[in-house]
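Comments concern the structure below.
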Amino acid sequence: MQPNQFNVDAANKLKIVSLVSVGKHPQSGRMRRADQDSRAVELGLKLTGDNHSGESLVVLHAGDPGEPNLRSYAGMGLKSVRVLQLDPAADAILPLGQHLQQCGADIVLTGVRAESGESSGMVPYQLAEKLGWPIVPRVADIVSVKGGVAEVLQALPRGQRRSVMVKLPFIASVDSAAPEARQSAFGPASRALMDIEVVSASVDDVRQAWEEAAARKRPKRLKVVKAKTAAERFKAATAKSQGDGGKVMKNESAAEQAQAIFDLLKEEGVLR
Amino acid sequence: MSAHNSQDLLRRDPRAEWIARNRLHPLHGSVVSADMGEVRGPTGLLRKNPHKVGFIGPNGIKRIDRLKGNAAGAGKGRRSSAAQDIQLPLHQVENPDFYVVVVPDMVGGRLTAHDKDVIGQAHKLITGAEGNGAVLAVCFGQSKEEHFDTAGVDRLLLLEDECYEGYRPEQRLAALVQVESAYKPQFWLFPDSVNGGSDLGSRLAARIGERPAVQAWLVDSDSTVCRGAGGTTDITRSTPRLLMLAEECADPIDETRHEALPVELDSVPAVIAQLQDRGQVAVDPNAISLAEAEFILSAGNGIHNWDQFHSAAAVLGATEGASRVAVDDGFMPRFRQVGATGTWVTARVYLAVGISGAIQHMQGIGQCDKVIAINTDAGCDMVKRAALSVIGDSEAILGELIKLAEDFRAQQSAGGDRDAA
Ligand SMILES: Cc1cc2nc3c(=O)[nH]c(=O)nc-3n(C[C@H](O)[C@H](O)[C@H](O)COP(=O)(O)OP(=O)(O)OC[C@H]3O[C@@H](n4cnc5c(N)ncnc54)[C@H](O)[C@@H]3O)c2cc1C
């Protein structure tokens with residue numbers, strides 16, 4: 001994908017908000033900028049054509065503004081990070097929704113799932129429900145925005161992509177298949193402005209009752225042989241696993257055989 | 001003779017004797033065990049009557065069957081034992097007190113292994129709750145699944161209309177909301193998968209205002225353990241109404257058969273879709289890693305025309321794979337090797353051309369759904385594994401297949417042009 005393929009002129013007037021959270025490295029457990037969130041910021045930077053005057057792309061966080069890792073998002077080339085300051089135990093959906101409505105965002109980008117906390121991936125869905133906007137999950141790229149309609153590439157399993165058209169404004173969660181985020185520069189990051197707004201939000205009571213612990217290792221599923229007699233167990237242990245013998249075409253002409261294969265491929269939907 | 005009174009007269013039932021002798025007779029079990037009630041001794045111990053064990057063989061000699069029914073296919077060919085289908089006991093739910101709704105992914109129109117785990121979990125939740133509940137599966141899109149009954153589906157809601165085909169999360173959500181009001185399910189279960197389960201589950205959770213448990217892996221009717229913080233923590237919480245379950249959350253159903261009774265839903269309002277599905281975009285099949293490719297065309301020692309093989313892969317849109325011999329001989333790069341020392345593939349369709357099916361290769365394709373074999377040898381192991389095998393020269397068959405695929409592509413582009421015009 002060439003970077004200049006994107007229509008920058010139209011994009012300049014877009015207002016893009018990228019919601020970010022504090023991530024956690026899956027192996028070391030160190031706090032960092034979250035992987036998918038930083039990809040979302042990267043996508044936002046691409047959409048605003050890199051010449052953001054601090055207006056078109058807003059990086060927004062709800063939580064503690066003192067968190068040092070928030071600055072590493074700014075280190076990707078932003079002048080400021082906007083923070084809605086609230087209690088870490090509070091529910092961020094309401095203030096976020098209000099803020100998004102007020103600032104008139106066109107596209108809201110988030111990660112698919114956070115790397116800390118509940119990590120349920122519900123934030124974009126709840127915001128979409130609250131604002132009445134469409135949500136496009138697992139976006140790999142936003143190809144174009146023309147006439148208030150965006151063409152979005154969605155990441156599907158097995159490396160496939162789906163093209164979806166969606167009207168502005170909308171919410172998109174950015175998949176790990178999106179282009180990797182640029183490095184964060186330390187100097188600009190530490191100089192960046194933390195644009196703090198204190199908001200109040202209700203405490204998330206439900207979560208108080210939960211217990212959290214380090215992840216236990218899940219047992220691997222064993223192949224259990226449900227045999228009633230020794231003979232059956234013996235058979236299960238020794239016999240080669242073979243399908244129940246499919247269709248065999250022996251005497252047909254090559255054309256007929258090829259047709260049979262072709263039909264099966266079409267029936268399975270792999271030929272498109 | 002006539003002096004005997006009728007009670008002393010020994011009346012033989014030759015048919016019953018014949019059935020008792022014939023272990024393969026369908027009524028054999030009932031005849032043999034007819035008078036074998038449980039007998040308890042004076043101390044309450046279970047007593048076996050040694051005279052009642054076994055049966056009289058055709059020569060009048062007593063025989064004891066220690067094979068417990070396993071001898072059925074012993075004398076005959078290998079096939080017969082596989083062909084003998086065991087009827088699992090039918091699990092029926094009349095007038096269910098409550099419903100547990102499962103929304104399977106139905107990738108390619110069939111239940112995935114993940115879907116079956118989720119249905120298994122649904123039955124576990126039903127056993128944990130009071131009253132008799134039924135599992136209602138809500139399946140969107142054209143279904144090719146034939147074994148809903150053995151997968152554990154009590155009630156089946158098939159929504160196969162045109163308006164659910166493709167990526168239609170909003171329309172599907174409207175149908176689920178309708179299900180919510182019609183059935184008031186006790187639990188909503190979704191597979192937490194990238195195949196749409198987690199998307200649909202999250203949408204429904206946001207719509208009906210439930211706080212879901214995601215990546216749940218240890219669930220009973222009271223408490224749920226789910227992964228949090230990107231899979232690095234375990235959260236223990238009370239079980240919510242809506243769950244998105246991790247893979248292998250529970251064992252699939254395998255010992256019972258279920259009714260899979262079709263049910264209907266009142267008309268679902270048509271939703272004005274804000275998302276418009278433009279279909280899948282063509283991606284370079286060889287850019288997809290072999291391990292996650294959906295459709296693999298694999299070459300073995302039976303390929304002699306390599307240019308033809310590559311063009312076949314290109315026109316079919318398949319990712320290329322190879323057996324070790326093809327790699328060792330230098331026709332294919334090492335990273336294309338499928339098998340024990342290569343890549344373990346998960347393709348849905350695996351087309352093996354000129355591959356004999358050595359065990360090292362078969363290990364690598366263990367997870368493939370449909371295997372198609374092209375081979376000259378009808379007796380090789382790959383043919384035994386394959387759902388469709390064609391016996392013949394690879395070059396001729398691939399040539400015909402390329403022709404068919406090219407026609408198909410030509411038609412496709414002609415149709416596409418017409419659409420665009
Ligand atoms: C430690 C170890 C690890 C291994 N790991 C792997 C592994 O990871 N992956 C792997 O693939 N192998 C592996 N092997 C090798 C494996 O044992 C087999 O040797 C190999 O898979 C055979 O490859 P093949 O089926 O292509 O060739 P062959 O066994 O030679 O089979 C060729 C087939 O093509 C058919 N054929 C011939 N001509 C034609 C024609 N004109 N048209 C159609 N069909 C034709 C033949 O009937 C035959 O069935 C390993 C071996 C060892 C010892």
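By order in the structure tokens, chains are A, B, ...; within a chain, residues start at 1; ligands start at 1, following the order shown.
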
Within 7 Å of ligand 1, counting only C-alpha atoms and all ligand atoms, which protein or nucleic acid residues do you find, written as a tab-separated table (two decimals) with N, CA, C and O atoms, in the first residue's frame?
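Now in out-v8.tsv:
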```tsv
chain	number	residue	atom	x	y	z
B	299	ALA	N	2.00	-29.96	-3.67
B	299	ALA	CA	2.65	-30.75	-4.71
B	299	ALA	C	3.58	-31.77	-4.09
B	299	ALA	O	4.27	-31.49	-3.12
B	300	GLY	N	3.60	-32.97	-4.66
B	300	GLY	CA	4.50	-34.00	-4.20
B	300	GLY	C	5.36	-34.52	-5.34
B	300	GLY	O	5.52	-33.87	-6.38
B	301	ASN	N	5.85	-35.72	-5.12
B	301	ASN	CA	6.74	-36.34	-6.09
B	301	ASN	C	6.02	-36.66	-7.39
B	301	ASN	O	6.66	-36.97	-8.40
B	302	GLY	N	4.70	-36.60	-7.38
B	302	GLY	CA	3.95	-36.94	-8.58
B	302	GLY	C	3.74	-35.78	-9.53
B	302	GLY	O	3.01	-35.88	-10.50
B	303	ILE	N	4.38	-34.64	-9.25
B	303	ILE	CA	4.29	-33.48	-10.15
B	303	ILE	C	5.52	-33.49	-11.05
B	303	ILE	O	6.65	-33.59	-10.57
B	304	HIS	N	5.27	-33.42	-12.34
B	304	HIS	CA	6.41	-33.38	-13.26
B	304	HIS	C	6.48	-32.08	-14.02
B	304	HIS	O	7.54	-31.69	-14.48
B	322	ALA	N	3.92	-28.14	-0.30
B	322	ALA	CA	4.70	-29.20	-0.94
B	322	ALA	C	5.02	-30.29	0.06
B	322	ALA	O	4.99	-30.07	1.27
B	323	SER	N	5.29	-31.48	-0.46
B	323	SER	CA	5.78	-32.55	0.41
B	323	SER	C	7.29	-32.40	0.53
B	323	SER	O	7.93	-31.63	-0.18
B	324	ARG	N	7.84	-33.18	1.42
B	324	ARG	CA	9.27	-33.02	1.67
B	324	ARG	C	10.09	-33.39	0.45
B	324	ARG	O	11.14	-32.79	0.19
B	325	VAL	N	9.63	-34.39	-0.28
B	325	VAL	CA	10.40	-34.81	-1.45
B	325	VAL	C	10.49	-33.67	-2.45
B	325	VAL	O	11.57	-33.39	-2.99
B	326	ALA	N	9.37	-32.99	-2.67
B	326	ALA	CA	9.38	-31.87	-3.62
B	326	ALA	C	10.32	-30.77	-3.15
B	326	ALA	O	10.97	-30.11	-3.96
B	337	GLN	N	7.04	-26.44	2.89
B	337	GLN	CA	6.87	-27.86	3.22
B	337	GLN	C	5.79	-28.07	4.27
B	337	GLN	O	5.76	-27.42	5.30
B	338	VAL	N	4.92	-29.02	3.97
B	338	VAL	CA	3.84	-29.37	4.89
B	338	VAL	C	4.22	-30.67	5.59
B	338	VAL	O	4.72	-31.58	4.94
B	339	GLY	N	4.02	-30.75	6.86
B	339	GLY	CA	4.24	-32.02	7.53
B	339	GLY	C	4.96	-31.89	8.84
B	339	GLY	O	5.10	-30.79	9.39
B	340	ALA	N	5.41	-33.03	9.35
B	340	ALA	CA	5.99	-33.09	10.69
B	340	ALA	C	7.17	-32.12	10.83
B	340	ALA	O	7.30	-31.43	11.83
B	341	THR	N	8.04	-32.09	9.82
B	341	THR	CA	9.20	-31.22	9.90
B	341	THR	C	8.97	-29.91	9.16
B	341	THR	O	9.87	-29.10	9.05
B	342	GLY	N	7.79	-29.73	8.65
B	342	GLY	CA	7.46	-28.48	7.96
B	342	GLY	C	6.42	-27.72	8.75
B	342	GLY	O	6.53	-27.55	9.96
B	353	VAL	N	-1.66	-33.11	-4.73
B	353	VAL	CA	-1.40	-33.64	-6.07
B	353	VAL	C	-0.12	-34.47	-6.03
B	353	VAL	O	0.95	-33.94	-5.73
B	354	GLY	N	-0.25	-35.75	-6.31
B	354	GLY	CA	0.93	-36.62	-6.37
B	354	GLY	C	1.66	-36.74	-5.05
B	354	GLY	O	2.87	-36.72	-5.00
B	355	ILE	N	0.88	-36.84	-3.97
B	355	ILE	CA	1.48	-37.05	-2.65
B	355	ILE	C	0.98	-38.38	-2.11
B	355	ILE	O	-0.22	-38.64	-2.09
B	356	SER	N	1.91	-39.22	-1.68
B	356	SER	CA	1.52	-40.58	-1.32
B	356	SER	C	0.84	-40.62	0.05
B	356	SER	O	0.05	-41.51	0.32
B	357	GLY	N	1.16	-39.68	0.91
B	357	GLY	CA	0.53	-39.68	2.23
B	357	GLY	C	1.34	-40.41	3.27
B	357	GLY	O	0.80	-41.19	4.07
B	358	ALA	N	2.65	-40.16	3.28
B	358	ALA	CA	3.50	-40.71	4.34
B	358	ALA	C	3.05	-40.12	5.67
B	358	ALA	O	2.53	-39.01	5.72
B	359	ILE	N	3.28	-40.87	6.75
B	359	ILE	CA	2.74	-40.45	8.04
B	359	ILE	C	3.28	-39.08	8.45
B	359	ILE	O	2.56	-38.26	9.03
B	360	GLN	N	4.55	-38.79	8.08
B	360	GLN	CA	5.11	-37.48	8.43
B	360	GLN	C	4.35	-36.36	7.73
B	360	GLN	O	4.26	-35.25	8.23
B	361	HIS	N	3.82	-36.66	6.56
B	361	HIS	CA	3.05	-35.64	5.85
B	361	HIS	C	1.63	-35.55	6.43
B	361	HIS	O	1.10	-34.47	6.61
B	364	GLY	N	0.95	-33.35	9.40
B	364	GLY	CA	0.84	-31.92	9.13
B	364	GLY	C	-0.53	-31.50	8.66
B	364	GLY	O	-0.91	-30.34	8.78
B	374	ILE	N	-5.17	-36.17	-5.83
B	374	ILE	CA	-4.97	-36.55	-7.23
B	374	ILE	C	-3.76	-37.46	-7.23
B	374	ILE	O	-2.68	-37.05	-6.81
B	375	ASN	N	-3.93	-38.70	-7.66
B	375	ASN	CA	-2.83	-39.65	-7.55
B	375	ASN	C	-3.02	-40.75	-8.58
B	375	ASN	O	-4.15	-41.05	-8.98
B	376	THR	N	-1.92	-41.39	-8.98
B	376	THR	CA	-2.04	-42.53	-9.90
B	376	THR	C	-2.29	-43.82	-9.15
B	376	THR	O	-2.70	-44.81	-9.74
B	377	ASP	N	-2.01	-43.81	-7.85
B	377	ASP	CA	-2.08	-45.04	-7.07
B	377	ASP	C	-3.34	-45.01	-6.19
B	377	ASP	O	-3.41	-44.23	-5.24
B	380	CYS	N	-2.95	-45.71	-2.16
B	380	CYS	CA	-2.04	-45.00	-1.25
B	380	CYS	C	-2.82	-44.36	-0.09
B	380	CYS	O	-4.03	-44.22	-0.14
B	392	GLY	N	-5.49	-40.78	-11.52
B	392	GLY	CA	-5.06	-40.48	-12.88
B	392	GLY	C	-3.81	-39.65	-12.87
B	392	GLY	O	-3.26	-39.34	-11.79
B	393	ASP	N	-3.36	-39.29	-14.06
B	393	ASP	CA	-2.11	-38.56	-14.16
B	393	ASP	C	-2.33	-37.10	-13.75
B	393	ASP	O	-3.29	-36.45	-14.18
B	394	SER	N	-1.44	-36.62	-12.93
B	394	SER	CA	-1.61	-35.27	-12.37
B	394	SER	C	-1.62	-34.21	-13.47
B	394	SER	O	-2.38	-33.25	-13.42
B	395	GLU	N	-0.76	-34.40	-14.48
B	395	GLU	CA	-0.62	-33.36	-15.50
B	395	GLU	C	-1.93	-33.18	-16.26
B	395	GLU	O	-2.40	-32.05	-16.47
```

Contact residues (chain B, partner chain A, 6 Å, only C-alpha atoms) as a short mmCIF file (atom, residue, chain, number, x, y, z; two decimals) with N, CA and C atoms, in the first residue's frame:
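Everything below was put into out_12.cif:
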```
data_model
loop_
_atom_site.label_atom_id
_atom_site.label_comp_id
_atom_site.auth_asym_id
_atom_site.auth_seq_id
_atom_site.Cartn_x
_atom_site.Cartn_y
_atom_site.Cartn_z
N ALA B 206 -24.07 -4.87 24.15
CA ALA B 206 -24.26 -3.42 24.23
C ALA B 206 -25.73 -3.07 24.06
N VAL B 214 -15.91 -12.18 28.73
CA VAL B 214 -15.24 -12.57 27.48
C VAL B 214 -14.06 -13.47 27.79
N GLY B 228 -8.48 -11.82 31.60
CA GLY B 228 -8.50 -10.38 31.47
C GLY B 228 -7.11 -9.89 31.12
N ALA B 229 -6.99 -8.58 30.94
CA ALA B 229 -5.70 -7.94 30.67
C ALA B 229 -4.95 -8.65 29.55
N GLY B 230 -5.60 -8.84 28.43
CA GLY B 230 -4.96 -9.46 27.28
C GLY B 230 -4.50 -10.88 27.55
N THR B 232 -3.54 -12.19 30.46
CA THR B 232 -2.51 -12.40 31.48
C THR B 232 -3.08 -12.53 32.89
N THR B 233 -4.37 -12.23 33.06
CA THR B 233 -4.94 -12.42 34.39
C THR B 233 -6.21 -13.27 34.28
N ASP B 234 -6.60 -13.84 35.40
CA ASP B 234 -7.86 -14.58 35.49
C ASP B 234 -8.81 -13.77 36.36
N ILE B 235 -9.99 -13.50 35.85
CA ILE B 235 -10.99 -12.79 36.63
C ILE B 235 -12.06 -13.79 37.05
N THR B 236 -12.29 -13.89 38.34
CA THR B 236 -13.37 -14.75 38.84
C THR B 236 -14.54 -13.87 39.21
N ARG B 237 -15.69 -14.17 38.65
CA ARG B 237 -16.87 -13.33 38.85
C ARG B 237 -18.11 -14.20 38.80
N LEU B 275 -23.61 -0.37 7.63
CA LEU B 275 -22.42 -1.00 7.07
C LEU B 275 -22.82 -1.69 5.79
N GLN B 276 -22.02 -1.48 4.76
CA GLN B 276 -22.34 -2.10 3.50
C GLN B 276 -21.20 -3.04 3.14
N ASP B 277 -21.51 -4.32 3.07
CA ASP B 277 -20.49 -5.33 2.78
C ASP B 277 -20.15 -5.30 1.30
N ARG B 278 -18.88 -5.04 0.99
CA ARG B 278 -18.47 -5.01 -0.41
C ARG B 278 -17.75 -6.29 -0.79
N GLY B 279 -17.81 -7.30 0.07
CA GLY B 279 -17.22 -8.58 -0.26
C GLY B 279 -15.74 -8.62 0.06
N GLN B 280 -15.20 -9.82 -0.08
CA GLN B 280 -13.79 -9.98 0.26
C GLN B 280 -12.92 -9.41 -0.85
N VAL B 281 -11.79 -8.91 -0.46
CA VAL B 281 -10.86 -8.35 -1.43
C VAL B 281 -9.85 -9.44 -1.77
N ILE B 288 -0.11 -15.17 2.26
CA ILE B 288 -0.68 -15.68 3.51
C ILE B 288 0.23 -16.80 4.01
N GLU B 292 -1.94 -20.63 8.16
CA GLU B 292 -3.30 -20.15 8.30
C GLU B 292 -4.04 -20.05 6.97
N ALA B 293 -3.43 -20.55 5.90
CA ALA B 293 -4.10 -20.49 4.60
C ALA B 293 -5.36 -21.35 4.62
N LYS B 384 -6.93 -42.83 1.03
CA LYS B 384 -7.77 -43.29 2.14
C LYS B 384 -8.22 -42.12 3.00
N ARG B 385 -7.39 -41.11 3.11
CA ARG B 385 -7.73 -39.96 3.96
C ARG B 385 -8.68 -39.00 3.25
N ALA B 386 -8.65 -39.02 1.92
CA ALA B 386 -9.31 -37.94 1.17
C ALA B 386 -10.82 -38.11 1.11
N ALA B 387 -11.51 -36.98 1.04
CA ALA B 387 -12.96 -37.00 0.85
C ALA B 387 -13.29 -37.24 -0.62
N LEU B 388 -12.42 -36.80 -1.49
CA LEU B 388 -12.59 -37.04 -2.92
C LEU B 388 -11.21 -37.38 -3.50
N SER B 389 -11.12 -38.53 -4.15
CA SER B 389 -9.85 -38.88 -4.78
C SER B 389 -10.10 -39.11 -6.25
N VAL B 390 -9.23 -38.59 -7.06
CA VAL B 390 -9.30 -38.92 -8.48
C VAL B 390 -8.01 -39.63 -8.85
N ILE B 391 -8.19 -40.73 -9.54
CA ILE B 391 -7.06 -41.58 -9.88
C ILE B 391 -6.68 -41.29 -11.33
N ILE B 397 -5.00 -34.04 -15.33
CA ILE B 397 -6.11 -33.55 -14.51
C ILE B 397 -5.92 -32.07 -14.17
N GLU B 400 -6.95 -29.99 -17.12
CA GLU B 400 -8.40 -29.81 -17.23
C GLU B 400 -8.91 -28.83 -16.17
N LEU B 401 -8.33 -28.95 -14.97
CA LEU B 401 -8.78 -28.10 -13.87
C LEU B 401 -8.45 -26.64 -14.18
#
```

Legend entry - 9 Å contact set for Phe98 (chain B), only C-alpha atoms, chain neighbours under 4 positions out, as a list in words: Ile126, Gly131, Asn132, Gly133, Ala134, Val135, Tyr183, Lys184, Pro185 and Gln186 of chain B

Inset, instruction - Would you kindly return, as a PyMOL selection string, each protein, DNA or RNA residue with an atom no farther than 12 Å from any atom of Leu14 (chain A), considering only C-alpha atoms and excluding same-chain residues fewer than 4 positions away? - result: chain A and resi 7-10+44-49+52+55-58+103-108+144-150+168-170

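Taking only C-alpha atoms, the non-local environment of Asp195 (chain A) within 12 Å (same-chain residues fewer than 2 positions away omitted) comprises Gly54, Val58, Val59, Leu60, His61, Ala62, Asp64, Pro65, Gly66, Leu70, Arg71, Ala74, Lys79, Ser80, Val81, Arg82, Val83, Leu84, Gln85, Ala192, Leu193, Glu197 and Val198 of chain A.
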
Would you pick out the contacts of Met76 (chain A) at 8 Å or less, using only C-alpha atoms, so that residues sharing its chain but fewer than 5 positions from it are not included, and give the list as a PDB file with N, CA and C atoms, in the first residue's frame?
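Dumped everything to out18.pdb:
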```pdb
ATOM      1  N   ARG A 182       4.764   3.561  14.235  1.00  0.00           N
ATOM      2  CA  ARG A 182       6.130   4.072  14.179  1.00  0.00           C
ATOM      3  C   ARG A 182       6.710   4.114  15.577  1.00  0.00           C
ATOM      4  N   GLN A 183       8.021   4.308  15.632  1.00  0.00           N
ATOM      5  CA  GLN A 183       8.677   4.389  16.937  1.00  0.00           C
ATOM      6  C   GLN A 183       8.237   5.651  17.655  1.00  0.00           C
ATOM      7  N   SER A 184       8.353   5.603  18.949  1.00  0.00           N
ATOM      8  CA  SER A 184       8.036   6.774  19.742  1.00  0.00           C
ATOM      9  C   SER A 184       9.347   7.470  20.108  1.00  0.00           C
ATOM     10  N   ALA A 185       9.395   8.780  19.872  1.00  0.00           N
ATOM     11  CA  ALA A 185      10.619   9.528  20.179  1.00  0.00           C
ATOM     12  C   ALA A 185      10.523  10.090  21.589  1.00  0.00           C
ATOM     13  N   ALA A 189       8.139  13.258  23.218  1.00  0.00           N
ATOM     14  CA  ALA A 189       7.178  12.661  24.144  1.00  0.00           C
ATOM     15  C   ALA A 189       7.208  13.390  25.471  1.00  0.00           C
TER      16      ALA A 189
END
```

Inset, instruction - Give the helix (DSSP H, G or I) residues of region 105-227 of chain A, as DSSP finds them on the backbone, and put them as an MDAnalysis selection string. - result: chainID A and resid 123:131 157:159 186:191 205:208

Restricting the output to C-alpha atoms, write the selected residues as a PDB file, in the first residue's frame.
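Output file result.pdb is given in full below:
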```pdb
ATOM      1  CA  VAL A 123     -15.677   0.066  24.867  1.00  0.00           C
ATOM      2  CA  PRO A 124     -16.166   0.680  21.122  1.00  0.00           C
ATOM      3  CA  TYR A 125     -19.451  -1.234  21.139  1.00  0.00           C
ATOM      4  CA  GLN A 126     -20.834   0.615  24.132  1.00  0.00           C
ATOM      5  CA  LEU A 127     -19.767   3.963  22.713  1.00  0.00           C
ATOM      6  CA  ALA A 128     -21.370   3.066  19.394  1.00  0.00           C
ATOM      7  CA  GLU A 129     -24.575   2.074  21.136  1.00  0.00           C
ATOM      8  CA  LYS A 130     -24.560   5.262  23.187  1.00  0.00           C
ATOM      9  CA  LEU A 131     -23.850   7.566  20.261  1.00  0.00           C
ATOM     10  CA  PRO A 157      -9.062 -14.778   9.870  1.00  0.00           C
ATOM     11  CA  ARG A 158      -6.656 -16.621   7.569  1.00  0.00           C
ATOM     12  CA  GLY A 159      -5.148 -13.402   6.263  1.00  0.00           C
ATOM     13  CA  PHE A 186      11.506  10.240  23.771  1.00  0.00           C
ATOM     14  CA  GLY A 187      12.252  13.946  23.521  1.00  0.00           C
ATOM     15  CA  PRO A 188       9.010  15.071  21.878  1.00  0.00           C
ATOM     16  CA  ALA A 189       7.178  12.661  24.144  1.00  0.00           C
ATOM     17  CA  SER A 190       8.466  14.324  27.284  1.00  0.00           C
ATOM     18  CA  ARG A 191       7.807  17.806  25.877  1.00  0.00           C
ATOM     19  CA  ASP A 205     -19.437  -1.230  41.390  1.00  0.00           C
ATOM     20  CA  VAL A 206     -19.821  -4.540  39.605  1.00  0.00           C
ATOM     21  CA  ARG A 207     -16.120  -4.875  39.205  1.00  0.00           C
ATOM     22  CA  GLN A 208     -15.415  -4.395  42.882  1.00  0.00           C
TER      23      GLN A 208
END
```

Legend entry - region 145-156 of chain B surroundings by only C-alpha atoms, 8 Å radius, close-in-sequence under 5 positions cut, as number ranges by chain: B: 92-93, 109-111, 116, 119-120, 123, 134-139, 252-254, 256-263

Legend entry - Expected answer as a PyMOL selection string: strand (DSSP E or B) residues in region 25-268 of chain B: chain B and resi 39-40+46-47+55-56+62-63+90-91+98-102+133-140+155-159+187-191+213-219+223-228+233-238+242-245+257-258+261-262

Inset, instruction - Rounded to one decimal place, report the CA of Leu297 (chain B)-CA of Leu351 (chain B) distance in Å. - result: 4.8 Å
